[in-house]
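Asks: Below you'll find start.cif; it's mmCIF, C-alpha atoms.
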```cif
data_run
loop_
_atom_site.group_PDB
_atom_site.id
_atom_site.type_symbol
_atom_site.label_atom_id
_atom_site.label_comp_id
_atom_site.auth_asym_id
_atom_site.auth_seq_id
_atom_site.Cartn_x
_atom_site.Cartn_y
_atom_site.Cartn_z
ATOM 1 C CA MET Z 60 21.409 9.440 4.604
ATOM 2 C CA SER Z 61 17.975 10.746 5.609
ATOM 3 C CA ALA Z 62 17.610 12.559 2.265
ATOM 4 C CA THR Z 63 18.276 9.269 0.452
ATOM 5 C CA LEU Z 64 15.645 7.511 2.525
ATOM 6 C CA LEU Z 65 12.989 10.127 1.853
ATOM 7 C CA HIS Z 66 12.991 9.159 -1.829
ATOM 8 C CA ARG Z 67 12.054 5.618 -2.748
ATOM 9 C CA PRO Z 68 14.807 3.594 -4.460
ATOM 10 C CA ALA Z 69 14.449 2.372 -8.040
ATOM 11 C CA TRP Z 70 12.120 -0.631 -8.311
ATOM 12 C CA TYR Z 71 14.985 -2.726 -9.697
ATOM 13 C CA VAL Z 72 16.897 -2.081 -6.474
ATOM 14 C CA LEU Z 73 14.067 -2.568 -3.981
ATOM 15 C CA GLY Z 74 12.456 -5.574 -5.696
ATOM 16 C CA PRO Z 75 15.561 -7.803 -5.682
ATOM 17 C CA LEU Z 76 16.349 -6.801 -2.074
ATOM 18 C CA ILE Z 77 12.861 -7.883 -1.002
ATOM 19 C CA GLY Z 78 13.287 -11.060 -3.044
ATOM 20 C CA LEU Z 79 16.441 -11.801 -1.063
ATOM 21 C CA VAL Z 80 14.498 -11.422 2.198
ATOM 22 C CA VAL Z 81 12.137 -14.179 1.005
ATOM 23 C CA VAL Z 82 15.126 -16.372 0.102
ATOM 24 C CA GLY Z 83 16.872 -15.590 3.382
ATOM 25 C CA LEU Z 84 13.902 -16.713 5.475
ATOM 26 C CA ALA Z 85 13.751 -20.005 3.577
ATOM 27 C CA ALA Z 86 17.520 -20.511 3.743
ATOM 28 C CA THR Z 87 17.635 -20.060 7.510
ATOM 29 C CA ILE Z 88 14.365 -21.465 8.890
ATOM 30 C CA ASN Z 89 12.704 -23.168 5.894
ATOM 31 C CA GLU Z 90 9.555 -21.056 6.046
ATOM 32 C CA ARG Z 91 7.490 -19.149 3.535
ATOM 33 C CA PHE Z 92 7.367 -15.398 3.922
ATOM 34 C CA GLY Z 93 4.081 -13.789 4.967
ATOM 35 C CA VAL Z 94 3.108 -11.035 7.400
ATOM 36 C CA LEU Z 95 -0.594 -11.683 8.094
ATOM 37 C CA GLY Z 96 0.373 -14.880 9.905
ATOM 38 C CA GLY Z 97 2.058 -12.685 12.526
ATOM 39 C CA PHE Z 98 -1.182 -10.795 13.171
ATOM 40 C CA SER Z 99 -3.019 -14.112 13.379
ATOM 41 C CA ASP Z 100 -0.397 -15.571 15.719
ATOM 42 C CA VAL Z 101 -0.798 -12.627 18.089
ATOM 43 C CA VAL Z 102 -4.611 -12.777 17.940
ATOM 44 C CA GLU Z 103 -4.621 -16.538 18.564
ATOM 45 C CA ARG Z 104 -2.312 -16.057 21.552
ATOM 46 C CA ALA Z 105 -4.334 -13.124 22.902
ATOM 47 C CA THR Z 106 -7.599 -15.064 22.670
ATOM 48 C CA GLY Z 107 -6.127 -18.119 24.390
ATOM 49 C CA ARG Z 108 -6.204 -20.319 21.298
ATOM 50 C CA THR Z 109 -2.452 -20.907 21.549
ATOM 51 C CA HIS Z 110 -0.041 -20.694 24.446
ATOM 52 C CA ALA Z 111 3.053 -19.279 22.786
ATOM 53 C CA LEU Z 112 4.007 -16.887 20.035
ATOM 54 C CA GLY Z 113 5.552 -18.570 17.022
ATOM 55 C CA TRP Z 114 8.080 -17.354 14.469
ATOM 56 C CA LYS Z 115 5.345 -15.521 12.539
ATOM 57 C CA SER Z 116 4.824 -13.172 15.462
ATOM 58 C CA TRP Z 117 8.518 -12.443 15.538
ATOM 59 C CA LEU Z 118 8.476 -11.708 11.827
ATOM 60 C CA LEU Z 119 5.717 -9.152 12.509
ATOM 61 C CA PHE Z 120 7.661 -7.680 15.435
ATOM 62 C CA GLY Z 121 10.588 -7.344 13.055
ATOM 63 C CA VAL Z 122 8.447 -5.459 10.523
ATOM 64 C CA LEU Z 123 7.357 -3.084 13.294
ATOM 65 C CA ALA Z 124 10.970 -2.573 14.386
ATOM 66 C CA GLY Z 125 12.293 -2.128 10.846
ATOM 67 C CA SER Z 126 9.717 0.519 10.091
ATOM 68 C CA LEU Z 127 10.550 2.298 13.353
ATOM 69 C CA VAL Z 128 14.241 2.292 12.429
ATOM 70 C CA TYR Z 129 13.326 3.757 9.028
ATOM 71 C CA ARG Z 130 11.234 6.450 10.705
ATOM 72 C CA LEU Z 131 14.059 7.381 13.076
ATOM 73 C CA ILE Z 132 16.765 7.507 10.402
ATOM 74 C CA ALA Z 133 14.634 9.150 7.699
ATOM 75 C CA GLY Z 134 13.368 11.726 10.185
ATOM 76 C CA ALA Z 135 9.849 11.726 8.735
ATOM 77 C CA PRO Z 136 7.002 9.257 8.270
ATOM 78 C CA THR Z 137 5.856 8.189 4.800
ATOM 79 C CA VAL Z 138 2.304 9.338 5.556
ATOM 80 C CA HIS Z 139 2.255 13.086 6.082
ATOM 81 C CA HIS Z 140 -1.283 14.436 6.386
ATOM 82 C CA GLY Z 141 -4.371 12.432 7.229
ATOM 83 C CA TYR Z 142 -4.979 9.095 5.544
ATOM 84 C CA GLY Z 143 -5.302 9.162 1.767
ATOM 85 C CA TRP Z 144 -8.688 9.456 0.084
ATOM 86 C CA LEU Z 145 -10.537 8.699 3.297
ATOM 87 C CA THR Z 146 -9.544 11.836 5.205
ATOM 88 C CA ARG Z 147 -9.822 13.945 2.047
ATOM 89 C CA THR Z 148 -13.400 12.720 1.622
ATOM 90 C CA PHE Z 149 -14.501 12.697 5.258
ATOM 91 C CA THR Z 150 -13.486 16.000 6.798
ATOM 92 C CA GLY Z 151 -14.251 17.865 10.016
ATOM 93 C CA HIS Z 152 -16.656 16.006 12.294
ATOM 94 C CA TRP Z 153 -17.210 13.408 9.599
ATOM 95 C CA GLN Z 154 -13.602 12.252 9.917
ATOM 96 C CA ILE Z 155 -14.735 9.674 12.459
ATOM 97 C CA LEU Z 156 -16.269 7.884 9.472
ATOM 98 C CA ALA Z 157 -12.789 7.471 8.006
ATOM 99 C CA GLY Z 158 -11.845 5.537 11.130
ATOM 100 C CA ALA Z 159 -14.981 3.417 10.925
ATOM 101 C CA VAL Z 160 -14.324 2.649 7.253
ATOM 102 C CA LEU Z 161 -10.759 1.617 8.116
ATOM 103 C CA VAL Z 162 -12.044 -0.785 10.799
ATOM 104 C CA VAL Z 163 -14.388 -2.387 8.247
ATOM 105 C CA ALA Z 164 -11.620 -2.496 5.616
ATOM 106 C CA GLY Z 165 -9.309 -4.088 8.182
ATOM 107 C CA GLY Z 166 -11.965 -6.703 8.892
ATOM 108 C CA LEU Z 167 -12.187 -7.540 5.185
ATOM 109 C CA ILE Z 168 -8.383 -7.694 4.974
ATOM 110 C CA GLY Z 169 -8.074 -9.992 7.993
ATOM 111 C CA PHE Z 170 -10.959 -12.313 7.136
ATOM 112 C CA GLY Z 171 -10.204 -12.372 3.410
ATOM 113 C CA ALA Z 172 -6.484 -12.986 3.719
ATOM 114 C CA LYS Z 173 -6.981 -15.747 6.284
ATOM 115 C CA THR Z 174 -9.507 -17.403 3.978
ATOM 116 C CA ALA Z 175 -7.203 -17.050 0.956
ATOM 117 C CA GLY Z 176 -4.201 -18.347 2.868
ATOM 118 C CA GLY Z 177 -2.158 -15.175 2.689
ATOM 119 C CA CYS Z 178 -1.979 -11.451 2.080
ATOM 120 C CA THR Z 179 0.047 -9.450 -0.431
ATOM 121 C CA SER Z 180 3.267 -10.744 1.090
ATOM 122 C CA GLY Z 181 2.103 -14.277 1.957
ATOM 123 C CA ASN Z 182 0.501 -15.092 -1.372
ATOM 124 C CA GLY Z 183 1.935 -12.355 -3.596
ATOM 125 C CA LEU Z 184 5.576 -12.719 -2.570
ATOM 126 C CA GLY Z 185 6.127 -15.894 -0.556
ATOM 127 C CA GLY Z 186 3.579 -18.099 -2.298
ATOM 128 C CA CYS Z 187 4.267 -16.983 -5.867
ATOM 129 C CA ALA Z 188 8.031 -17.296 -5.331
ATOM 130 C CA ALA Z 189 7.504 -20.835 -4.019
ATOM 131 C CA GLY Z 190 5.568 -21.651 -7.205
ATOM 132 C CA SER Z 191 2.225 -22.242 -5.495
ATOM 133 C CA THR Z 192 -0.542 -22.115 -8.101
ATOM 134 C CA ALA Z 193 -3.039 -21.234 -5.344
ATOM 135 C CA SER Z 194 -0.970 -18.133 -4.594
ATOM 136 C CA PHE Z 195 -0.877 -17.112 -8.256
ATOM 137 C CA ALA Z 196 -4.662 -17.478 -8.386
ATOM 138 C CA ALA Z 197 -5.157 -15.539 -5.144
ATOM 139 C CA THR Z 198 -2.726 -12.795 -6.199
ATOM 140 C CA ALA Z 199 -4.418 -12.310 -9.565
ATOM 141 C CA THR Z 200 -7.808 -12.238 -7.818
ATOM 142 C CA PHE Z 201 -6.945 -9.679 -5.133
ATOM 143 C CA MET Z 202 -5.018 -7.495 -7.568
ATOM 144 C CA GLY Z 203 -7.895 -7.506 -10.046
ATOM 145 C CA THR Z 204 -10.496 -6.908 -7.347
ATOM 146 C CA ALA Z 205 -8.517 -4.064 -5.775
ATOM 147 C CA ILE Z 206 -8.012 -2.344 -9.137
ATOM 148 C CA VAL Z 207 -11.723 -2.535 -9.995
ATOM 149 C CA VAL Z 208 -12.788 -1.362 -6.526
ATOM 150 C CA SER Z 209 -10.315 1.538 -6.646
ATOM 151 C CA PHE Z 210 -11.840 2.769 -9.907
ATOM 152 C CA VAL Z 211 -15.333 2.375 -8.410
ATOM 153 C CA ILE Z 212 -14.309 4.448 -5.366
ATOM 154 C CA LYS Z 213 -12.767 7.044 -7.664
ATOM 155 C CA GLY Z 214 -16.024 7.225 -9.583
ATOM 156 C CA LEU Z 215 -18.090 7.617 -6.424
ATOM 157 C CA ILE Z 216 -16.124 10.321 -4.606
ATOM 158 C CA MET N 51 15.535 -18.937 19.672
ATOM 159 C CA ARG N 52 17.541 -18.714 16.465
ATOM 160 C CA VAL N 53 14.389 -19.346 14.455
ATOM 161 C CA ARG N 54 12.630 -16.426 16.123
ATOM 162 C CA GLY N 55 15.733 -14.275 15.767
ATOM 163 C CA ALA N 56 15.967 -15.014 12.044
ATOM 164 C CA ALA N 57 12.257 -14.259 11.582
ATOM 165 C CA ALA N 58 12.632 -10.969 13.456
ATOM 166 C CA LEU N 59 15.735 -10.024 11.479
ATOM 167 C CA PHE N 60 14.191 -10.677 8.070
ATOM 168 C CA GLY N 61 10.988 -9.025 9.206
ATOM 169 C CA ALA N 62 12.961 -5.952 10.239
ATOM 170 C CA VAL N 63 14.752 -5.763 6.909
ATOM 171 C CA PHE N 64 11.398 -6.138 5.147
ATOM 172 C CA GLY N 65 9.783 -3.454 7.322
ATOM 173 C CA PHE N 66 12.615 -1.070 6.587
ATOM 174 C CA LEU N 67 12.509 -1.774 2.838
ATOM 175 C CA ILE N 68 8.748 -1.373 2.416
ATOM 176 C CA SER N 69 8.918 1.869 4.363
ATOM 177 C CA TRP N 70 11.729 3.089 2.102
ATOM 178 C CA GLY N 71 9.628 2.108 -0.895
ATOM 179 C CA GLN N 72 6.809 4.183 0.648
ATOM 180 C CA PHE N 73 4.320 1.331 0.537
ATOM 181 C CA SER N 74 3.005 2.516 3.884
ATOM 182 C CA ASP N 75 1.682 5.643 2.148
ATOM 183 C CA PRO N 76 -1.937 4.902 1.127
ATOM 184 C CA ASP N 77 -1.734 7.433 -1.715
ATOM 185 C CA ARG N 78 1.147 5.464 -3.270
ATOM 186 C CA ILE N 79 -0.924 2.270 -3.173
ATOM 187 C CA ARG N 80 -3.933 4.119 -4.554
ATOM 188 C CA ALA N 81 -1.870 5.472 -7.454
ATOM 189 C CA MET N 82 -0.766 1.936 -8.202
ATOM 190 C CA LEU N 83 -4.295 0.498 -8.042
ATOM 191 C CA LEU N 84 -5.565 3.282 -10.308
ATOM 192 C CA LEU N 85 -2.808 2.285 -12.733
ATOM 193 C CA ASP N 86 -1.114 5.679 -12.471
ATOM 194 C CA ASP N 87 2.125 4.275 -11.059
ATOM 195 C CA PRO N 88 3.730 0.981 -12.142
ATOM 196 C CA TYR N 89 6.344 1.023 -9.346
ATOM 197 C CA LEU N 90 4.757 -1.599 -7.076
ATOM 198 C CA TYR N 91 3.989 -3.976 -9.937
ATOM 199 C CA LEU N 92 7.571 -3.784 -11.182
ATOM 200 C CA MET N 93 8.943 -4.102 -7.661
ATOM 201 C CA MET N 94 6.797 -7.159 -6.944
ATOM 202 C CA ALA N 95 7.623 -8.799 -10.259
ATOM 203 C CA SER N 96 11.354 -8.336 -9.702
ATOM 204 C CA ALA N 97 11.071 -9.501 -6.075
ATOM 205 C CA ILE N 98 9.223 -12.663 -7.145
ATOM 206 C CA ALA N 99 11.745 -13.289 -9.940
ATOM 207 C CA VAL N 100 14.732 -13.012 -7.599
ATOM 208 C CA ALA N 101 13.039 -15.009 -4.831
ATOM 209 C CA SER N 102 11.934 -17.730 -7.274
ATOM 210 C CA ALA N 103 15.453 -18.024 -8.670
ATOM 211 C CA GLY N 104 16.944 -18.103 -5.178
ATOM 212 C CA LEU N 105 14.524 -20.745 -3.913
ATOM 213 C CA TRP N 106 15.048 -22.824 -7.051
ATOM 214 C CA LEU N 107 18.810 -22.736 -6.526
ATOM 215 C CA LEU N 108 18.430 -23.756 -2.872
ATOM 216 C CA ARG N 109 16.211 -26.701 -3.791
ATOM 217 C CA ARG N 110 18.376 -27.710 -6.746
ATOM 218 C CA ASN N 111 21.424 -27.919 -4.517
ATOM 219 C CA GLY N 112 19.533 -29.854 -1.873
ATOM 220 C CA ALA N 113 20.239 -27.127 0.663
ATOM 221 C CA ARG N 114 19.161 -27.446 4.267
ATOM 222 C CA ALA N 115 17.877 -24.557 6.366
ATOM 223 C CA ALA N 116 20.808 -23.111 8.305
ATOM 224 C CA PHE N 117 19.036 -22.946 11.673
ATOM 225 C CA THR N 118 16.742 -25.972 11.542
ATOM 226 C CA GLY N 119 18.681 -28.423 9.408
ATOM 227 C CA HIS N 120 15.561 -29.349 7.444
ATOM 228 C CA PRO N 121 15.715 -29.735 3.668
ATOM 229 C CA ILE N 122 14.378 -26.531 2.150
ATOM 230 C CA ARG N 123 10.897 -27.251 0.878
ATOM 231 C CA LEU N 124 8.192 -24.596 0.967
ATOM 232 C CA GLU N 125 4.495 -25.328 0.936
ATOM 233 C CA THR N 126 2.538 -25.104 -2.260
ATOM 234 C CA SER N 127 -1.106 -25.819 -2.962
ATOM 235 C CA ARG N 128 -3.582 -25.912 -5.798
ATOM 236 C CA PRO N 129 -6.257 -23.241 -6.152
ATOM 237 C CA GLN N 130 -9.481 -23.896 -4.323
ATOM 238 C CA ARG N 131 -12.646 -21.854 -4.105
ATOM 239 C CA ARG N 132 -11.521 -20.251 -0.870
ATOM 240 C CA HIS N 133 -8.410 -18.819 -2.526
ATOM 241 C CA PHE N 134 -10.572 -16.885 -4.991
ATOM 242 C CA ALA N 135 -13.281 -15.908 -2.504
ATOM 243 C CA GLY N 136 -10.848 -14.926 0.237
ATOM 244 C CA ALA N 137 -8.645 -12.988 -2.167
ATOM 245 C CA ALA N 138 -11.659 -11.078 -3.529
ATOM 246 C CA ILE N 139 -12.672 -10.083 0.026
ATOM 247 C CA PHE N 140 -9.074 -9.153 0.801
ATOM 248 C CA GLY N 141 -8.799 -7.121 -2.414
ATOM 249 C CA LEU N 142 -11.925 -5.183 -1.466
ATOM 250 C CA GLY N 143 -10.448 -4.271 1.916
ATOM 251 C CA TRP N 144 -7.079 -3.494 0.350
ATOM 252 C CA ALA N 145 -8.614 -1.037 -2.119
ATOM 253 C CA ILE N 146 -10.624 0.720 0.606
ATOM 254 C CA ALA N 147 -7.745 1.044 3.093
ATOM 255 C CA ASP N 148 -5.090 1.352 0.357
ATOM 256 C CA SER N 149 -2.930 -0.778 2.569
ATOM 257 C CA CYS N 150 -2.318 -4.397 3.515
ATOM 258 C CA PRO N 151 -0.936 -6.109 6.654
ATOM 259 C CA ALA N 152 2.795 -5.355 6.313
ATOM 260 C CA PRO N 153 2.404 -1.659 5.386
ATOM 261 C CA ILE N 154 -0.249 -1.289 8.098
ATOM 262 C CA ALA N 155 2.274 -2.577 10.643
ATOM 263 C CA ALA N 156 4.837 -0.166 9.186
ATOM 264 C CA GLN N 157 2.373 2.710 9.548
ATOM 265 C CA LEU N 158 1.949 1.927 13.243
ATOM 266 C CA THR N 159 5.594 2.411 14.189
ATOM 267 C CA GLN N 160 5.872 5.414 11.901
ATOM 268 C CA GLY N 161 3.284 7.051 14.145
ATOM 269 C CA VAL N 162 0.282 6.894 11.800
ATOM 270 C CA ALA N 163 -2.554 6.643 14.341
ATOM 271 C CA TRP N 164 -5.125 5.702 11.670
ATOM 272 C CA SER N 165 -3.425 2.313 11.449
ATOM 273 C CA LEU N 166 -4.892 1.472 14.876
ATOM 274 C CA CYS N 167 -8.350 1.398 13.257
ATOM 275 C CA THR N 168 -7.179 -0.935 10.490
ATOM 276 C CA ILE N 169 -5.317 -3.169 12.934
ATOM 277 C CA ALA N 170 -8.429 -3.425 15.133
ATOM 278 C CA GLY N 171 -10.389 -4.432 12.036
ATOM 279 C CA ILE N 172 -7.791 -7.041 11.058
ATOM 280 C CA ALA N 173 -7.983 -8.562 14.542
ATOM 281 C CA VAL N 174 -11.780 -8.752 14.296
ATOM 282 C CA GLY N 175 -11.544 -10.302 10.819
ATOM 283 C CA ILE N 176 -9.102 -12.928 12.045
ATOM 284 C CA VAL N 177 -11.312 -13.793 15.041
ATOM 285 C CA LEU N 178 -14.350 -14.121 12.745
ATOM 286 C CA PHE N 179 -12.364 -16.460 10.492
ATOM 287 C CA LEU N 180 -11.149 -18.551 13.428
ATOM 288 C CA ARG N 181 -14.672 -18.852 14.883
ATOM 289 C CA ARG N 182 -16.042 -19.900 11.502
ATOM 290 C CA GLN N 183 -13.271 -22.458 11.186
ATOM 291 C CA GLU N 184 -13.886 -23.758 14.709
ATOM 292 C CA ARG N 185 -17.613 -24.091 14.019
ATOM 293 C CA ALA N 186 -16.873 -26.040 10.840
ATOM 294 C CA GLY N 187 -14.451 -28.261 12.762
ATOM 295 C CA ALA N 188 -17.013 -28.911 15.505
ATOM 296 C CA GLN N 189 -19.686 -29.788 12.948
ATOM 297 C CA ALA N 190 -17.320 -32.142 11.154
ATOM 298 C CA ALA N 191 -16.420 -33.847 14.446
ATOM 299 C CA LYS N 192 -20.122 -34.180 15.271
ATOM 300 C CA SER N 193 -20.769 -35.766 11.895
ATOM 301 C CA VAL N 194 -17.956 -38.252 12.437
ATOM 302 C CA ARG N 195 -19.234 -39.130 15.918
ATOM 303 C CA SER N 196 -22.734 -39.692 14.614
ATOM 304 C CA GLY N 197 -21.340 -41.992 11.964
ATOM 305 C CA SER N 198 -22.207 -39.923 8.936
ATOM 306 C CA ARG N 199 -19.691 -38.670 6.438
ATOM 307 C CA SER N 200 -18.520 -35.104 6.694
ATOM 308 C CA PRO N 201 -20.291 -33.157 3.951
ATOM 309 C CA ARG N 202 -17.236 -31.102 3.166
ATOM 310 C CA SER N 203 -13.607 -30.883 3.984
ATOM 311 C CA THR N 204 -12.513 -28.617 6.810
ATOM 312 C CA ALA N 205 -8.952 -28.467 5.606
ATOM 313 C CA SER N 206 -8.853 -24.702 5.777
ATOM 314 C CA SER N 207 -6.989 -24.862 9.061
ATOM 315 C CA THR N 208 -4.372 -22.202 9.574
ATOM 316 C CA SER N 209 -2.318 -24.398 11.803
ATOM 317 C CA THR N 210 0.870 -25.438 10.083
ATOM 318 C CA HIS N 211 1.784 -27.916 12.776
ATOM 319 C CA ALA N 212 -0.881 -30.509 12.141
ATOM 320 C CA ILE N 213 -0.658 -30.468 8.362
ATOM 321 C CA PRO N 214 2.064 -32.235 6.421
ATOM 322 C CA ARG N 215 4.100 -29.789 4.339
ATOM 323 C CA ASP N 216 2.979 -31.349 1.072
ATOM 324 C CA SER N 217 -0.668 -30.820 1.745
ATOM 325 C CA ALA N 218 -0.749 -27.732 3.925
ATOM 326 C CA SER N 219 -3.003 -25.320 2.204
ATOM 327 C CA THR N 220 -3.047 -22.204 4.308
ATOM 328 C CA ARG N 221 -0.172 -19.983 5.103
ATOM 329 C CA ALA N 222 -1.819 -16.776 6.216
#
```
Would you encode the structure as structure tokens?

Replies:
Amino acid sequence: MSATLLHRPAWYVLGPLIGLVVVGLAATINERFGVLGGFSDVVERATGRTHALGWKSWLLFGVLAGSLVYRLIAGAPTVHHGYGWLTRTFTGHWQILAGAVLVVAGGLIGFGAKTAGGCTSGNGLGGCAAGSTASFAATATFMGTAIVVSFVIKGLI
Amino acid sequence: MRVRGAAALFGAVFGFLISWGQFSDPDRIRAMLLLDDPYLYLMMASAIAVASAGLWLLRRNGARAAFTGHPIRLETSRPQRRHFAGAAIFGLGWAIADSCPAPIAAQLTQGVAWSLCTIAGIAVGIVLFLRRQERAGAQAAKSVRSGSRSPRSTASSTSTHAIPRDSASTRA
């Protein structure tokens, strides 16, 4: 079992399963899938903007739990050493910069996704599956931007 | 209670699946963004295809949500400037962190301590967005009170409670 989980399944297995999660959420509670809303729900509750956690928070808690279950069954995390290009670039004492860069990147992710009305799951999966043209536009924009920026980073480091 | 339970259940399945697909590994995302690995694109395309077909079938049959009884009808909206601008900012952050909200959450419970930095950043980004939105709302209210027309719409609210489903524009 754990050996199976340490290798990712074929895309044509994983993709449809994730598609069914999107359908399942709509079929049971009539809501569009998206994970950033859970972060926002928690932040709004923590800052006193709301007085209760909504279903989006519970979706996020589920993601946290599902990943924990994966970790326990697989017996190993999916990230083994450091954190990608950041900890390969910033080493030794400079590694603190990797953390600082991640905070800034997180800020861009949070602010940008809230402005765009969704993240990779909210716009890319939930919104596109629902046929929202705004989500198609946002998905094309963040995909294109991320590809260009990745090549720029590759050229710089 | 059942609504929260369903959200948690589907979230858990999603968290497990993205972990299995290794989307929580920033090097996997980087390989995809550098066009070295088509896996995520193919996975997303097939997920959207299956989800679109499933949602279409639900709507076509006039299905009602099992736990709420409401007719199944998900929000859609037309592209506005904020969708492009916000997505460009998000894409920049995504390419730097090589991760996005769901995989970042998955990293946390897999014991990847670096995710704490990204999560802190996300919280700050959300607060900045909310403050900006609140300022815009206050200005609009002031304009209405003073009798002048609001110069621009403030419909970028993230609240889904106050916005009719047909016109809700933000689902973050």

Asks: Let me make sure I understand: among N:Ala113, N:Ile172, N:Ala137, N:Ala156, which one has the smallest atom-to-atom distance to Trp70 of chain N if we use only C-alpha atoms?

Replies: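 That would be N:Ala156, the residue with the smallest distance to Trp70 of chain N.
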
Asks: What separation in Å, quoted to one decimal, exists between atom CA of His140 of chain Z and atom CA of Ile79 of chain N?

Replies: 15.5 Å

Asks: Up to 6 Å from (-7.0, -8.4, 2.4) in the file's coordinates: name the residues, counting all atoms listed in the file, as a PyMOL selection string.

Replies: (chain Z and resi 167-169+171-172+178) or (chain N and resi 140-141+143-144)

Asks: Please dump the current selection as an mmCIF file, in the frame of the given file; keep C-alpha atoms.

Replies:
```cif
data_model
loop_
_atom_site.group_PDB
_atom_site.id
_atom_site.type_symbol
_atom_site.label_atom_id
_atom_site.label_comp_id
_atom_site.auth_asym_id
_atom_site.auth_seq_id
_atom_site.Cartn_x
_atom_site.Cartn_y
_atom_site.Cartn_z
ATOM 1 C CA LEU Z 167 -12.187 -7.540 5.185
ATOM 2 C CA ILE Z 168 -8.383 -7.694 4.974
ATOM 3 C CA GLY Z 169 -8.074 -9.992 7.993
ATOM 4 C CA GLY Z 171 -10.204 -12.372 3.410
ATOM 5 C CA ALA Z 172 -6.484 -12.986 3.719
ATOM 6 C CA CYS Z 178 -1.979 -11.451 2.080
ATOM 7 C CA PHE N 140 -9.074 -9.153 0.801
ATOM 8 C CA GLY N 141 -8.799 -7.121 -2.414
ATOM 9 C CA GLY N 143 -10.448 -4.271 1.916
ATOM 10 C CA TRP N 144 -7.079 -3.494 0.350
#
```

Asks: Which residues match the PyMOL selection byres ((chain Z and resi 137) around 9) in the file above, as a list in words?

Replies: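 In the shown coordinates, the PyMOL selection byres ((chain Z and resi 137) around 9) covers Leu65, Arg130, Ala135, Pro136, Val138 and His139 of chain Z; Ser69, Trp70, Gln72, Phe73, Ser74, Asp75, Gln157 and Gln160 of chain N.
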
Asks: Can those selected residues be exported to a file as a PDB file, in the coordinates of the input so that it contains C-alpha atoms?

Replies:
```pdb
ATOM      1  CA  LEU Z  65      12.989  10.127   1.853  1.00  0.00           C
ATOM      2  CA  ARG Z 130      11.234   6.450  10.705  1.00  0.00           C
ATOM      3  CA  ALA Z 135       9.849  11.726   8.735  1.00  0.00           C
ATOM      4  CA  PRO Z 136       7.002   9.257   8.270  1.00  0.00           C
ATOM      5  CA  VAL Z 138       2.304   9.338   5.556  1.00  0.00           C
ATOM      6  CA  HIS Z 139       2.255  13.086   6.082  1.00  0.00           C
TER       7      HIS Z 139
ATOM      8  CA  SER N  69       8.918   1.869   4.363  1.00  0.00           C
ATOM      9  CA  TRP N  70      11.729   3.089   2.102  1.00  0.00           C
ATOM     10  CA  GLN N  72       6.809   4.183   0.648  1.00  0.00           C
ATOM     11  CA  PHE N  73       4.320   1.331   0.537  1.00  0.00           C
ATOM     12  CA  SER N  74       3.005   2.516   3.884  1.00  0.00           C
ATOM     13  CA  ASP N  75       1.682   5.643   2.148  1.00  0.00           C
ATOM     14  CA  GLN N 157       2.373   2.710   9.548  1.00  0.00           C
ATOM     15  CA  GLN N 160       5.872   5.414  11.901  1.00  0.00           C
TER      16      GLN N 160
END
```

Asks: Which residue is closest to Leu84 of chain Z? Choose from N:Phe179, N:Phe117, N:Tyr89, N:Trp164 and count only C-alpha atoms.

Replies: N:Phe117

Asks: Can you list, as a list in words, the residues that the PyMOL selection byres ((chain N and resi 171) around 7) selects here?

Replies: Val162, Val163, Ala164, Gly165 and Gly166 of chain Z; Cys167, Thr168, Ile169, Ala170, Ile172, Ala173, Val174 and Gly175 of chain N

Asks: Can you tell me, as a PDB file with C-alpha atoms, in the frame of the given file, what residues are no more than 12 Å from Gly151 of chain Z when counting only C-alpha atoms, ignoring any on the same chain fewer than 6 positions away?

Replies:
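Produced file part_7.pdb, reproduced below:
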```pdb
ATOM      1  CA  GLY Z 141      -4.371  12.432   7.229  1.00  0.00           C
ATOM      2  CA  LEU Z 145     -10.537   8.699   3.297  1.00  0.00           C
ATOM      3  CA  ALA Z 157     -12.789   7.471   8.006  1.00  0.00           C
TER       4      ALA Z 157
END
```

Asks: Which residue out of Z:Ala124, Z:Leu131, Z:Val207, Z:Ile88 has the minimum interatomic distance to Ile146 of chain N when all atoms listed in the file are used?

Replies: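 Ranked by minimum distance to Ile146 of chain N, first place goes to Z:Val207.
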
Asks: So what do you get for atom CA of Gly183 of chain Z versus atom CA of Phe195 of chain Z, distance-wise?

Replies: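 One can read the atom CA of Gly183 of chain Z to atom CA of Phe195 of chain Z distance as 7.2 Å.
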
Asks: With all atoms listed in the file as the counted atoms, please give the residues lying no more than 6 Å from Gly61 of chain N, apart from itself and same-chain residues fewer than 5 positions off, as a PyMOL selection string.

Replies: chain Z and resi 118+121-122

Asks: Determine, counting all atoms listed in the file, which protein, DNA and RNA residues have an atom within 10 Å of an atom of Leu95 of chain Z; residues of the same chain fewer than 5 positions away are not included. Present the result as a list in words.

Replies: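 Listed by chain and then number, they are Asp100, Lys115, Ser116, Leu118, Leu119, Ile168, Gly169, Ala172, Lys173, Gly176, Gly177, Cys178, Thr179, Ser180 and Gly181 of chain Z; Cys150, Pro151, Ala152, Ala155, Ile172, Ile176, Arg221 and Ala222 of chain N.
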
Asks: Find the residues around segment 66-75 of chain Z up to 7 Å (only C-alpha atoms counted), leave out those fewer than 5 positions away in its own chain, and share them as a PyMOL selection string.

Replies: chain N and resi 70-72+89+92-94+96-97+100

Asks: Would you kindly return, as number ranges by chain, each protein, DNA or RNA residue with an atom no farther than 10 Å from any atom of Ser102 of chain N, considering only C-alpha atoms and excluding same-chain residues fewer than 2 positions away?

Replies: Z: 78-79, 81-82, 184-190; N: 96-100, 104-108

Asks: Name the residues that the PyMOL selection byres ((chain Z and resi 106) around 12) pulls out of this structure, and write them as a ChimeraX atom specification.

Replies: /Z:99-105,107-111 /N:173-174,176-177,180-181
